[in-house]
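K.L.:
Here it is, the structure, as structure tokens.
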Protein chains: 2
Amino acid sequence: MKERGKAIRTAALHLFAEEGYEGASLSKIAGRVGIRKSSLYNHCSSKEDLFLSLVEEVYSRYIQELKKIVSGSTGTAEKKLYSTFIATTDFITREGTGRFYMHFLLFPPSELEEKVRTRFLSFEEETNQLLLPVLKKGIADREIRDSDPSILLHAFYCMIDGMSSQMFYYPALEAAQKREHAWGIFWRGIRHGKEQ
Amino acid sequence: MKERGKAIRTAALHLFAEEGYEGASLSKIAGRVGIRKSSLYNHCSSKEDLFLSLVEEVYSRYIQELKKIVSGSTGTAEKKLYSTFIATTDFITREGTGRFYMHFLLFPPSELEEKVRTRFLSFEEETNQLLLPVLKKGIADREIRDSDPSILLHAFYCMIDGMSSQMFYYPALEAAQKREHAWGIFWRGIRHGKEQ
DNA sequence: GTCTATACCGAGATAGAC
DNA sequence: GTCTATCTCGGTATAGAC
């Protein structure tokens, strides 16, 4: 049995993710937890407050997972990038967390846009510093073709973002297959090749 | 000077795109046009009605542009795919239309989800039928490597979706550069190569 | 076609009993 | 901590004068 505060956060996370910031009313959140909306104010000071603390939690949870994956494994660049790709798209697929992440990265509520964007940028900084070394080492090892690492990194992000979008509107099994194919083509695009 | 009806649709398109379905109130829309919200009801029967007609307009406008690009040019598969990529990401970048498109493709208002999704699926069918022949011809001409065209098509969509997301949070110039790089890597991933 | 006025509802938030 | 009651505000929508 979860404590109330946690239950509220979970319900709010899902409702924000599904219905957006304006669409997720405090009554709906309270209703899902099984209390009245006025009782929510014993656990947070406002709707904004609740929302922003969830932004913080979701972003930092993702960074935490990413760190485990990248620094944990000691394999090739290919393995590390592939693991990152899978882990990120899995993360996105997790109902609640992932949808929340995508939803408000792309379409933050307009009054809170600046706060959310600022938080995201610092978050992007962190991922860059985790992944750039992987690409650089891959190039040095002649595993990845010799070109600007930040360009390669961006193309990697691009595929991840694309696949992340697609995880939403395809059934799980289909999405998993598409993911493998997308990876195959991406890797062919950046790997070291004899030609040229 | 645009007629009123058109002005309302334009204002609504932008507001929906920026603030979401719930966030874009009829007063805001009316305010941007310069009339009272009750006057809106002389041009549409409800908020839902207004929104859904915009969904229809935006989707079909995109299909129309795509047709012009794909069937118009008679170049190589590379040229056609590149044009499609550029045109789509340009379309997405157009304030209003593109943001509206992305916003409600990924996060439709929950009450209207089914209607929006259904419309999108038929739309995807159309794009498939435009683009699959291009890929098939590219394979036959040994311009693209021999593999399942629908897999290649999906990887293409994946890059487009990824780049479309990114068009939002990077400045125009930066986005344009990233776009070129993403294309380069994608094309390297699918083109015909001597190796293997 | 646009306006004012109004109906009705649900939003976020607060006060105070228990 | 949760409840009921209540406040204020803004939402969608309608009626009817001009």
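Every chain in the structure tokens takes a letter, A first, then B, and so on in the order presented; its residues are numbered from 1, and the ligands are numbered from 1 following the presented order.
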Might you pull out every residue within 10 Å of Ile63 of chain A, with only C-alpha atoms (C1' of nucleotides) counted and same-chain residues fewer than 4 positions away left off, and present them as a PyMOL selection string?
P.N.:
chain A and resi 58-59+67-69+123-124+126-127+130
K.L.:
Give me a file of those residues, with all heavy atoms, as a CSV table (one decimal), in the first residue's frame.
P.N.:
chain,number,residue,atom,x,y,z
A,58,VAL,N,10.6,13.4,-13.2
A,58,VAL,CA,10.7,12.6,-14.4
A,58,VAL,C,12.0,12.8,-15.1
A,58,VAL,O,12.7,11.8,-15.5
A,58,VAL,CB,9.5,12.9,-15.4
A,58,VAL,CG1,9.7,12.3,-16.8
A,58,VAL,CG2,8.2,12.4,-14.8
A,59,TYR,N,12.4,14.0,-15.3
A,59,TYR,CA,13.7,14.3,-15.9
A,59,TYR,C,14.9,13.6,-15.2
A,59,TYR,O,15.7,13.0,-15.8
A,59,TYR,CB,13.9,15.8,-16.1
A,59,TYR,CG,13.1,16.4,-17.2
A,59,TYR,CD1,12.1,15.8,-17.8
A,59,TYR,CD2,13.4,17.7,-17.6
A,59,TYR,CE1,11.3,16.3,-18.8
A,59,TYR,CE2,12.6,18.3,-18.6
A,59,TYR,CZ,11.6,17.6,-19.2
A,59,TYR,OH,10.9,18.2,-20.2
A,67,LYS,N,22.6,7.2,-16.9
A,67,LYS,CA,24.0,7.1,-16.4
A,67,LYS,C,24.3,5.6,-16.1
A,67,LYS,O,25.4,5.2,-16.4
A,67,LYS,CB,24.0,7.9,-15.1
A,67,LYS,CG,24.4,9.3,-15.3
A,67,LYS,CD,24.6,10.0,-14.0
A,67,LYS,CE,24.9,11.5,-14.2
A,67,LYS,NZ,24.4,12.4,-13.1
A,68,LYS,N,23.3,4.9,-15.6
A,68,LYS,CA,23.5,3.5,-15.3
A,68,LYS,C,23.9,2.8,-16.5
A,68,LYS,O,24.9,2.0,-16.6
A,68,LYS,CB,22.3,2.9,-14.7
A,68,LYS,CG,22.5,2.2,-13.3
A,68,LYS,CD,21.2,1.5,-12.9
A,68,LYS,CE,20.0,2.4,-12.7
A,68,LYS,NZ,18.8,1.7,-12.3
A,69,ILE,N,23.2,3.0,-17.6
A,69,ILE,CA,23.4,2.3,-18.9
A,69,ILE,C,24.8,2.7,-19.5
A,69,ILE,O,25.6,1.8,-19.8
A,69,ILE,CB,22.3,2.7,-19.9
A,69,ILE,CG1,21.0,2.0,-19.4
A,69,ILE,CG2,22.7,2.2,-21.3
A,69,ILE,CD1,19.8,2.8,-19.9
A,123,PHE,N,19.2,19.5,-18.7
A,123,PHE,CA,19.1,18.0,-18.9
A,123,PHE,C,19.8,17.5,-20.1
A,123,PHE,O,20.5,16.5,-20.1
A,123,PHE,CB,17.6,17.7,-18.9
A,123,PHE,CG,17.2,16.4,-19.5
A,123,PHE,CD1,17.4,15.2,-18.8
A,123,PHE,CD2,16.7,16.3,-20.8
A,123,PHE,CE1,17.1,14.0,-19.4
A,123,PHE,CE2,16.4,15.2,-21.4
A,123,PHE,CZ,16.6,14.0,-20.7
A,124,GLU,N,19.6,18.3,-21.2
A,124,GLU,CA,20.2,17.9,-22.5
A,124,GLU,C,21.8,18.0,-22.4
A,124,GLU,O,22.5,17.2,-22.9
A,124,GLU,CB,19.8,18.8,-23.6
A,124,GLU,CG,20.0,18.2,-25.0
A,124,GLU,CD,19.8,19.3,-26.1
A,124,GLU,OE1,19.8,20.5,-25.8
A,124,GLU,OE2,19.8,18.9,-27.3
A,126,GLU,N,23.5,17.4,-19.8
A,126,GLU,CA,23.9,16.2,-19.1
A,126,GLU,C,24.0,15.0,-20.0
A,126,GLU,O,25.0,14.2,-20.0
A,126,GLU,CB,23.0,15.8,-17.9
A,126,GLU,CG,23.1,16.8,-16.7
A,126,GLU,CD,22.4,16.2,-15.5
A,126,GLU,OE1,22.9,15.2,-14.9
A,126,GLU,OE2,21.3,16.7,-15.2
A,127,THR,N,23.0,14.8,-20.9
A,127,THR,CA,23.1,13.7,-21.8
A,127,THR,C,24.2,13.8,-22.8
A,127,THR,O,24.9,12.8,-23.1
A,127,THR,CB,21.7,13.5,-22.5
A,127,THR,OG1,21.5,14.6,-23.4
A,127,THR,CG2,20.6,13.3,-21.6
A,130,LEU,N,27.3,12.7,-21.4
A,130,LEU,CA,27.4,11.2,-21.2
A,130,LEU,C,27.7,10.5,-22.5
A,130,LEU,O,28.5,9.6,-22.6
A,130,LEU,CB,26.1,10.7,-20.7
A,130,LEU,CG,25.8,10.8,-19.2
A,130,LEU,CD1,24.3,10.4,-18.9
A,130,LEU,CD2,26.7,9.9,-18.4
K.L.:
I want to know what sits within 9 Å of Phe168 of chain A, based on only C-alpha atoms (C1' of nucleotides), with residues of the same chain fewer than 3 positions away left out; could you give that as a PyMOL selection string?
P.N.:
(chain A and resi 92-93+99+163-165+171-172+175) or (chain B and resi 106)
K.L.:
Suppose we keep N, CA, C and O atoms; can you now write the selection as a short mmCIF file (atom, residue, chain, number, x, y, z; two decimals), in the first residue's frame?
P.N.:
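Final output, saved to out19.cif:
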data_model
loop_
_atom_site.label_atom_id
_atom_site.label_comp_id
_atom_site.auth_asym_id
_atom_site.auth_seq_id
_atom_site.Cartn_x
_atom_site.Cartn_y
_atom_site.Cartn_z
N ILE A 92 10.28 5.83 -22.73
CA ILE A 92 9.20 6.59 -23.34
C ILE A 92 7.91 5.79 -23.38
O ILE A 92 6.82 6.32 -23.23
N THR A 93 8.06 4.49 -23.57
CA THR A 93 6.89 3.63 -23.69
C THR A 93 6.18 3.42 -22.37
O THR A 93 4.99 3.13 -22.33
N ARG A 99 5.20 9.21 -21.49
CA ARG A 99 4.27 10.09 -22.17
C ARG A 99 4.32 11.49 -21.57
O ARG A 99 4.24 12.50 -22.28
N MET A 163 11.67 7.70 -33.11
CA MET A 163 11.17 6.41 -32.61
C MET A 163 10.30 6.63 -31.38
O MET A 163 9.30 5.94 -31.20
N SER A 164 10.67 7.60 -30.57
CA SER A 164 9.88 7.88 -29.37
C SER A 164 8.46 8.30 -29.74
O SER A 164 7.49 7.84 -29.13
N SER A 165 8.35 9.15 -30.75
CA SER A 165 7.02 9.53 -31.23
C SER A 165 6.25 8.31 -31.66
O SER A 165 5.08 8.12 -31.33
N PRO A 171 1.22 -0.34 -32.02
CA PRO A 171 1.12 -1.36 -30.96
C PRO A 171 2.53 -1.81 -30.55
O PRO A 171 3.46 -1.78 -31.36
N ALA A 172 2.65 -2.27 -29.32
CA ALA A 172 3.96 -2.58 -28.72
C ALA A 172 4.82 -3.48 -29.60
O ALA A 172 6.00 -3.20 -29.84
N ALA A 175 5.94 -1.82 -32.78
CA ALA A 175 6.91 -0.79 -32.46
C ALA A 175 8.28 -1.39 -32.19
O ALA A 175 9.31 -0.85 -32.62
N LEU B 106 0.20 13.61 -31.89
CA LEU B 106 0.76 12.92 -30.72
C LEU B 106 -0.18 12.97 -29.52
O LEU B 106 -0.32 11.99 -28.80
#
K.L.:
Show me, as a list of chain:residue names, the residues that have an atom within 8 Å of segment 1-17 of chain C when counting only C-alpha atoms (C1' of nucleotides), minus same-chain residues fewer than 6 positions from it.
P.N.:
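Here the qualifying residues turn out to be A:Ser25, A:Leu26, A:Lys47, B:Ile35, B:Arg36, B:Ser39, B:Asn42, D:DC7, D:DG10, D:DG11, D:DC18.
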K.L.:
Output as a CSV table (one decimal) with N, CA and C atoms (P, O5', C5', C4', C3', O3' and C1' of nucleotides), in the first residue's frame the set of chain D residues within 8 Å of chain A, with distances taken over only C-alpha atoms (C1' of nucleotides).
P.N.:
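Result file out03.csv:
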chain,number,residue,atom,x,y,z
D,1,DG,P,0.1,13.7,6.8
D,1,DG,O5',-1.4,13.2,6.7
D,1,DG,C5',-2.5,14.1,7.1
D,1,DG,C4',-3.7,13.4,6.7
D,1,DG,C3',-4.1,13.7,5.3
D,1,DG,O3',-5.0,12.6,4.9
D,1,DG,C1',-5.6,14.7,6.8
D,2,DT,P,-5.4,12.5,3.3
D,2,DT,O5',-7.0,12.7,3.3
D,2,DT,C5',-7.8,11.9,4.1
D,2,DT,C4',-9.1,12.6,4.4
D,2,DT,C3',-9.8,13.2,3.2
D,2,DT,O3',-11.0,12.4,2.8
D,2,DT,C1',-10.0,14.6,5.1
D,3,DC,P,-12.0,12.8,1.7
D,3,DC,O5',-13.0,13.8,2.4
D,3,DC,C5',-14.0,13.2,3.3
D,3,DC,C4',-14.7,14.3,4.0
D,3,DC,C3',-15.5,15.2,3.1
D,3,DC,O3',-16.8,14.8,3.0
D,3,DC,C1',-14.2,16.4,4.8
K.L.:
With the cut-off set at 8 Å and counting only C-alpha atoms, tabulate each residue of chain B with an atom at most that distance from an atom of chain A, showing the nearest atom pair and its distance in Å to one decimal, ordered by chain and increasing number, as CSV.
P.N.:
residue,atom,partner,partner_atom,distance
B:Glu18,CA,A:Ser110,CA,7.4
B:Glu19,CA,A:Ser110,CA,6.2
B:Glu22,CA,A:Glu22,CA,5.9
B:Gly23,CA,A:Glu22,CA,6.0
B:His103,CA,A:Phe107,CA,7.3
B:Leu106,CA,A:Ser165,CA,7.1
B:Phe107,CA,A:His103,CA,7.3
B:Pro109,CA,A:Glu19,CA,6.7
B:Ser110,CA,A:Glu19,CA,6.2
B:Ile151,CA,A:His181,CA,6.5
B:His154,CA,A:Lys178,CA,7.0
B:Ala155,CA,A:Ala182,CA,4.9
B:Tyr157,CA,A:Gly162,CA,7.6
B:Cys158,CA,A:Gly162,CA,4.5
B:Met159,CA,A:Met159,CA,5.4
B:Ile160,CA,A:Gly162,CA,6.8
B:Asp161,CA,A:Gly162,CA,4.4
B:Gly162,CA,A:Gly162,CA,3.4
B:Met163,CA,A:Cys158,CA,5.6
B:Ser165,CA,A:Asp161,CA,6.9
B:Gln166,CA,A:Cys158,CA,7.4
B:Phe168,CA,A:Leu106,CA,7.3
B:Tyr169,CA,A:Leu106,CA,7.8
B:Lys178,CA,A:His154,CA,7.0
B:His181,CA,A:Ile151,CA,6.5
B:Ala182,CA,A:Ala155,CA,4.9
B:Ile185,CA,A:Gly189,CA,4.8
B:Phe186,CA,A:Gly189,CA,5.8
B:Trp187,CA,A:Gly189,CA,7.2
B:Arg188,CA,A:Gly189,CA,4.8
B:Gly189,CA,A:Gly189,CA,3.9
B:Ile190,CA,A:Ile185,CA,6.4
B:Gly193,CA,A:Glu195,CA,7.8
B:Lys194,CA,A:Glu195,CA,7.3
B:Glu195,CA,A:Glu195,CA,6.8
K.L.:
One decimal, in Å: what's the spacing between atom CA of Thr74 of chain B and atom CA of Val134 of chain B?
P.N.:
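Going from atom CA of Thr74 of chain B over to atom CA of Val134 of chain B, I get 10.4 Å.
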K.L.:
Would you work out the distance separating atom CA of Glu174 of chain A from atom CA of Gly72 of chain A, expressed in Å to one decimal?
P.N.:
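Straight-line distance from atom CA of Glu174 of chain A to atom CA of Gly72 of chain A works out to 29.1 Å.
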K.L.:
Among segment 10-164 of chain B, which ones does DSSP assign to helix (DSSP H, G or I) (computed from the backbone)? Answer as a ChimeraX atom specification.
P.N.:
/B:10-23,26-33,37-42,47-72,77-93,97-106,110-140,149-164
K.L.:
For a test of reading the model, state the distance in Å between atom CA of Asp90 of chain B and atom CA of Ile144 of chain B, rounded to one decimal.
P.N.:
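Here the two named atoms are 24.7 Å from each other.
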K.L.:
Tell me, as a ChimeraX atom specification, which residues lie within 12 Å of Pro133 of chain B, counting only C-alpha atoms (C1' of nucleotides); anything in the same chain fewer than 4 positions away does not count.
P.N.:
/B:70-71,77,80-81,127-129,137-140,149-150,152-153
K.L.:
Under the rule that only C-alpha atoms (C1' of nucleotides) are counted, which of B:Leu54, B:Phe91, B:Glu65, B:Lys37 is the nearest residue to chain C?
P.N.:
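Among B:Leu54, B:Phe91, B:Glu65, B:Lys37, it is B:Lys37 that comes nearest to chain C.
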K.L.:
Choose the residue, out of B:Ala176, B:Thr10, B:Gly34, B:Phe51, that has the smallest atom-to-atom separation from chain C; count only C-alpha atoms (C1' of nucleotides).
P.N.:
B:Gly34
